[in-house]
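J.: Contents of target.tsv (TSV, C-alpha atoms):
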chain	number	residue	atom	x	y	z
X	1267	MET	CA	-43.88	-42.91	-47.79
X	1268	GLY	CA	-41.75	-42.18	-50.83
X	1269	ALA	CA	-42.71	-42.93	-54.42
X	1270	THR	CA	-40.34	-45.90	-54.58
X	1271	ALA	CA	-41.74	-47.48	-51.42
X	1272	SER	CA	-45.32	-47.09	-52.64
X	1273	ARG	CA	-44.43	-48.85	-55.90
X	1274	LEU	CA	-43.18	-51.84	-53.93
X	1275	GLN	CA	-46.41	-52.30	-51.98
X	1276	PRO	CA	-48.53	-55.34	-52.89
X	1277	GLY	CA	-51.46	-53.12	-53.86
X	1278	ALA	CA	-49.35	-51.29	-56.43
X	1279	ALA	CA	-48.16	-54.59	-57.93
X	1280	LEU	CA	-51.72	-55.89	-58.12
X	1281	ARG	CA	-52.88	-52.64	-59.74
X	1282	TRP	CA	-50.12	-52.86	-62.37
X	1283	PHE	CA	-50.94	-56.53	-63.02
X	1284	ALA	CA	-54.62	-55.62	-63.50
X	1285	LEU	CA	-53.59	-52.92	-65.99
X	1286	LEU	CA	-51.39	-55.46	-67.79
X	1287	LEU	CA	-54.35	-57.83	-68.08
X	1288	LEU	CA	-56.55	-55.01	-69.37
X	1289	CYS	CA	-53.92	-54.23	-72.03
X	1290	ALA	CA	-53.03	-57.86	-72.87
X	1291	ALA	CA	-55.16	-58.14	-76.01
X	1292	TYR	CA	-53.74	-54.88	-77.39
X	1293	LEU	CA	-50.15	-55.87	-76.66
X	1294	GLN	CA	-50.70	-59.27	-78.27
X	1295	GLY	CA	-52.55	-57.75	-81.24
X	1296	GLY	CA	-49.95	-55.03	-81.78
X	1297	PHE	CA	-47.03	-57.47	-81.60
X	1298	ASN	CA	-48.75	-59.96	-83.90
X	1299	LYS	CA	-49.55	-57.27	-86.46
X	1300	ALA	CA	-46.00	-55.89	-86.27
X	1301	THR	CA	-44.39	-59.31	-86.75
X	1302	ASP	CA	-46.82	-60.45	-89.48
X	1303	PHE	CA	-47.52	-57.26	-91.35
X	1304	ALA	CA	-49.04	-59.06	-94.35
X	1305	SER	CA	-51.74	-60.48	-92.07
X	1306	ALA	CA	-52.27	-57.04	-90.55
X	1307	ILE	CA	-52.91	-55.65	-94.03
X	1308	ALA	CA	-55.25	-58.56	-94.80
X	1309	GLU	CA	-57.18	-57.78	-91.61
X	1310	MET	CA	-57.60	-54.13	-92.64
X	1311	ASN	CA	-58.80	-55.24	-96.08
X	1312	HIS	CA	-61.22	-57.75	-94.51
X	1313	PHE	CA	-62.90	-54.93	-92.59
X	1314	GLY	CA	-62.87	-52.57	-95.58
X	1315	LEU	CA	-60.34	-50.16	-94.07
X	1316	SER	CA	-58.16	-48.36	-96.58
X	1317	PRO	CA	-55.50	-47.57	-97.33
X	1318	ALA	CA	-54.73	-50.85	-95.62
X	1319	ALA	CA	-50.98	-50.52	-94.98
X	1320	PRO	CA	-51.12	-47.08	-93.31
X	1321	MET	CA	-54.18	-48.17	-91.32
X	1322	ALA	CA	-52.31	-51.26	-90.12
X	1323	VAL	CA	-49.35	-49.11	-89.04
X	1324	ALA	CA	-51.71	-46.74	-87.20
X	1325	VAL	CA	-53.38	-49.63	-85.38
X	1326	ILE	CA	-50.02	-51.12	-84.38
X	1327	VAL	CA	-48.78	-47.77	-83.06
X	1328	LEU	CA	-52.05	-47.14	-81.25
X	1329	GLU	CA	-52.29	-50.58	-79.63
X	1330	LEU	CA	-48.67	-50.71	-78.47
X	1331	GLY	CA	-48.29	-47.01	-77.71
X	1332	ALA	CA	-51.48	-46.61	-75.71
X	1333	ALA	CA	-50.77	-49.81	-73.77
X	1334	ALA	CA	-47.27	-48.49	-72.97
X	1335	LEU	CA	-48.76	-45.21	-71.69
X	1336	ILE	CA	-51.13	-47.13	-69.43
X	1337	LEU	CA	-48.49	-49.48	-68.07
X	1338	THR	CA	-45.85	-46.80	-67.46
X	1339	GLY	CA	-48.31	-44.32	-65.96
X	1340	PHE	CA	-47.08	-41.58	-68.33
X	1341	TYR	CA	-50.28	-39.91	-69.53
X	1342	ARG	CA	-52.14	-43.05	-68.45
X	1343	TRP	CA	-55.47	-41.27	-68.91
X	1344	LEU	CA	-54.62	-40.51	-72.55
X	1345	GLY	CA	-53.66	-44.11	-73.31
X	1346	ALA	CA	-56.83	-45.35	-71.63
X	1347	LEU	CA	-59.04	-42.93	-73.56
X	1348	ALA	CA	-57.27	-43.88	-76.81
X	1349	LEU	CA	-57.89	-47.59	-76.25
X	1350	ALA	CA	-61.48	-46.92	-75.13
X	1351	GLY	CA	-62.19	-45.00	-78.34
X	1352	PHE	CA	-60.36	-47.51	-80.52
X	1353	THR	CA	-62.17	-50.43	-78.92
X	1354	LEU	CA	-65.57	-48.80	-79.29
X	1355	LEU	CA	-64.93	-48.02	-82.95
X	1356	ALA	CA	-63.47	-51.46	-83.69
X	1357	THR	CA	-66.40	-53.13	-81.96
X	1358	PHE	CA	-68.91	-51.41	-84.25
X	1359	VAL	CA	-66.77	-52.24	-87.31
X	1360	ALA	CA	-66.03	-55.88	-86.53
X	1361	LEU	CA	-68.91	-57.16	-84.41
X	1362	ARG	CA	-72.12	-56.08	-86.14
X	1363	PHE	CA	-74.06	-58.98	-84.65
X	1364	TRP	CA	-77.40	-57.45	-85.67
X	1365	GLU	CA	-76.48	-58.17	-89.30
X	1366	MET	CA	-75.64	-61.84	-88.66
X	1367	THR	CA	-77.58	-65.07	-88.46
X	1368	GLN	CA	-77.23	-67.76	-85.80
X	1369	PRO	CA	-74.87	-69.19	-84.58
X	1370	GLU	CA	-72.47	-66.39	-85.56
X	1371	ARG	CA	-74.88	-63.80	-84.18
X	1372	PHE	CA	-74.79	-65.33	-80.67
X	1373	MET	CA	-70.98	-65.35	-80.49
X	1374	ALA	CA	-70.60	-61.89	-82.02
X	1375	ALA	CA	-73.18	-60.43	-79.61
X	1376	ASN	CA	-71.27	-61.86	-76.66
X	1377	SER	CA	-68.02	-60.41	-77.97
X	1378	PHE	CA	-69.70	-57.07	-78.68
X	1379	PHE	CA	-70.82	-56.66	-75.09
X	1380	GLU	CA	-67.51	-57.96	-73.71
X	1381	HIS	CA	-65.79	-55.23	-75.72
X	1382	LEU	CA	-68.15	-52.66	-74.24
X	1383	GLY	CA	-66.94	-53.90	-70.85
X	1384	LEU	CA	-63.36	-53.21	-71.93
X	1385	VAL	CA	-64.37	-49.70	-72.96
X	1386	GLY	CA	-65.85	-49.20	-69.50
X	1387	GLY	CA	-62.68	-50.50	-67.88
X	1388	PHE	CA	-60.53	-48.07	-69.86
X	1389	LEU	CA	-62.84	-45.20	-69.01
X	1390	LEU	CA	-62.48	-46.08	-65.33
X	1391	VAL	CA	-58.69	-46.14	-65.68
X	1392	ALA	CA	-58.76	-42.68	-67.30
X	1393	TRP	CA	-61.12	-41.31	-64.67
X	1394	HIS	CA	-59.05	-42.73	-61.82
X	1395	ASP	CA	-55.83	-41.34	-63.29
X	1396	LEU	CA	-57.35	-37.88	-63.78
X	1397	GLN	CA	-58.75	-37.95	-60.23
X	1398	GLY	CA	-55.24	-38.65	-58.97
X	1399	ARG	CA	-54.02	-35.57	-60.81
X	1400	GLY	CA	-56.64	-33.32	-59.21
X	1401	HIS	CA	-58.96	-33.14	-62.24
X	1402	ASP	CA	-62.66	-33.94	-62.24
Would you write out, as structure tokens, the structure that this file holds?
T.:
Amino acid sequence: MGATASRLQPGAALRWFALLLLCAAYLQGGFNKATDFASAIAEMNHFGLSPAAPMAVAVIVLELGAAALILTGFYRWLGALALAGFTLLATFVALRFWEMTQPERFMAANSFFEHLGLVGGFLLVAWHDLQGRGHD
């Protein structure tokens, strides 16, 4: 079957939809930061990241750019690894549940481990994409 026919198969559509869902938070976050840059800067300041404006630009570019790589399939593995690394780093910056008291600790711990699940999902996407290219 040709490349066009395989893209039209239900499995390919489901796979792309699953990738869209995996990237949804990064697309939403990147668009929100881009359209409300003052809030993006405030978020960087809240987490002690400086210089805030260049950091906000870098996060916007990373979130939207890596998601675009994943969704288009162009260097999908690279986009997935970028979001895995970003998510892991952001999780340790923003969700330090071990420093919190209840009830914040409970919610932050849940979010922390959910984010680790996202990291695992992105690592699987990268692995699968590299396997498809003949790499180990």
J.: Rank X:Ile1326, X:Phe1372, X:Val1385, X:Ala1360 by their smallest atom-to-atom distance to X:Gly1314, using only C-alpha atoms, and report the top residue only.
T.: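 Selected residue with least distance to X:Gly1314: X:Ala1360.
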J.: Hey, what's within 8 Å of stretch 1295-1303 of chain X if we count only C-alpha atoms and toss same-chain stuff fewer than 2 positions away? As an NGL selection string, please?
T.: :X and (1291-1293 or 1305-1307 or 1322 or 1325-1327 or 1329-1330)
J.: Residues near X:Ala1333, anyone? I mean within 9 Å using all atoms listed in the file, not counting same-chain ones fewer than 6 positions away, as number ranges by chain.
T.: X: 1285-1286, 1288-1290, 1292-1293, 1342, 1345-1346, 1349
J.: Ranking X:Ala1279, X:Ala1318, X:Leu1347, X:Ala1356 by minimum distance to X:Ala1332 and counting all atoms listed in the file, which one comes first?
T.: X:Leu1347
J.: Using atom CA of X:Asp1395 and atom CA of X:Leu1354 as the two end points, give the distance in Å to one decimal.
T.: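 Value for the atom CA of X:Asp1395-atom CA of X:Leu1354 distance: 20.2 Å.
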J.: Which residues are near X:Trp1282? Cut-off 10 Å, all atoms listed in the file, ignore same chain within fewer than 4 positions. Put them as an MDAnalysis selection string.
T.: chainID X and resid 1273 1276:1278 1286:1288 1336:1339
J.: Interatomic distance between atom CA of X:Arg1371 and atom CA of X:Gly1387?
T.: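 Taking atom CA of X:Arg1371 as the start and atom CA of X:Gly1387 as the end point, the length is 24.3 Å.
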J.: Counting all atoms listed in the file, find the residues whose atoms lie at most 12 Å from (-64.5, -49.2, -79.5) (file coordinates) and write them out as a list in words.
T.: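 These residues have at least one counted atom within 12 Å: Ala1346, Leu1347, Ala1348, Leu1349, Ala1350, Gly1351, Phe1352, Thr1353, Leu1354, Leu1355, Ala1356, Thr1357, Phe1358, Val1359, Ala1360, Leu1361, Ser1377, Phe1378, Phe1379, Glu1380, His1381, Leu1382, Gly1383, Leu1384, Val1385, Gly1386, Gly1387, Phe1388 and Leu1389 of chain X.
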J.: For C-alpha atoms, I'd like the residues from the last selection saved as a PDB file, in the frame of the given file.
T.:
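Once written, result.pdb looks like this:
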ATOM      1  CA  ALA X1346     -56.830 -45.350 -71.630  1.00  0.00           C
ATOM      2  CA  LEU X1347     -59.040 -42.930 -73.560  1.00  0.00           C
ATOM      3  CA  ALA X1348     -57.270 -43.880 -76.810  1.00  0.00           C
ATOM      4  CA  LEU X1349     -57.890 -47.590 -76.250  1.00  0.00           C
ATOM      5  CA  ALA X1350     -61.480 -46.920 -75.130  1.00  0.00           C
ATOM      6  CA  GLY X1351     -62.190 -45.000 -78.340  1.00  0.00           C
ATOM      7  CA  PHE X1352     -60.360 -47.510 -80.520  1.00  0.00           C
ATOM      8  CA  THR X1353     -62.170 -50.430 -78.920  1.00  0.00           C
ATOM      9  CA  LEU X1354     -65.570 -48.800 -79.290  1.00  0.00           C
ATOM     10  CA  LEU X1355     -64.930 -48.020 -82.950  1.00  0.00           C
ATOM     11  CA  ALA X1356     -63.470 -51.460 -83.690  1.00  0.00           C
ATOM     12  CA  THR X1357     -66.400 -53.130 -81.960  1.00  0.00           C
ATOM     13  CA  PHE X1358     -68.910 -51.410 -84.250  1.00  0.00           C
ATOM     14  CA  VAL X1359     -66.770 -52.240 -87.310  1.00  0.00           C
ATOM     15  CA  ALA X1360     -66.030 -55.880 -86.530  1.00  0.00           C
ATOM     16  CA  LEU X1361     -68.910 -57.160 -84.410  1.00  0.00           C
ATOM     17  CA  SER X1377     -68.020 -60.410 -77.970  1.00  0.00           C
ATOM     18  CA  PHE X1378     -69.700 -57.070 -78.680  1.00  0.00           C
ATOM     19  CA  PHE X1379     -70.820 -56.660 -75.090  1.00  0.00           C
ATOM     20  CA  GLU X1380     -67.510 -57.960 -73.710  1.00  0.00           C
ATOM     21  CA  HIS X1381     -65.790 -55.230 -75.720  1.00  0.00           C
ATOM     22  CA  LEU X1382     -68.150 -52.660 -74.240  1.00  0.00           C
ATOM     23  CA  GLY X1383     -66.940 -53.900 -70.850  1.00  0.00           C
ATOM     24  CA  LEU X1384     -63.360 -53.210 -71.930  1.00  0.00           C
ATOM     25  CA  VAL X1385     -64.370 -49.700 -72.960  1.00  0.00           C
ATOM     26  CA  GLY X1386     -65.850 -49.200 -69.500  1.00  0.00           C
ATOM     27  CA  GLY X1387     -62.680 -50.500 -67.880  1.00  0.00           C
ATOM     28  CA  PHE X1388     -60.530 -48.070 -69.860  1.00  0.00           C
ATOM     29  CA  LEU X1389     -62.840 -45.200 -69.010  1.00  0.00           C
TER      30      LEU X1389
END
J.: Please determine, counting all atoms listed in the file, which residue among X:His1394, X:Gln1275, X:Asn1311, X:Glu1365 has the shortest atom-to-atom distance to X:Leu1344.
T.: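 Checking each of X:His1394, X:Gln1275, X:Asn1311, X:Glu1365 against X:Leu1344, counting all atoms listed in the file, the winner is X:His1394.
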J.: What does the distance from atom CA of X:Leu1335 to atom CA of X:Gly1398 come to in Å, to one decimal?
T.: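 So the answer is 15.7 Å.
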J.: Name the closest residue to X:Phe1313 among the candidates X:Phe1283, X:Arg1399, X:Arg1362, X:Gly1331; distances are taken between atoms, counting all atoms listed in the file.
T.: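 Ranking X:Phe1283, X:Arg1399, X:Arg1362, X:Gly1331 by distance to X:Phe1313, first place goes to X:Arg1362.
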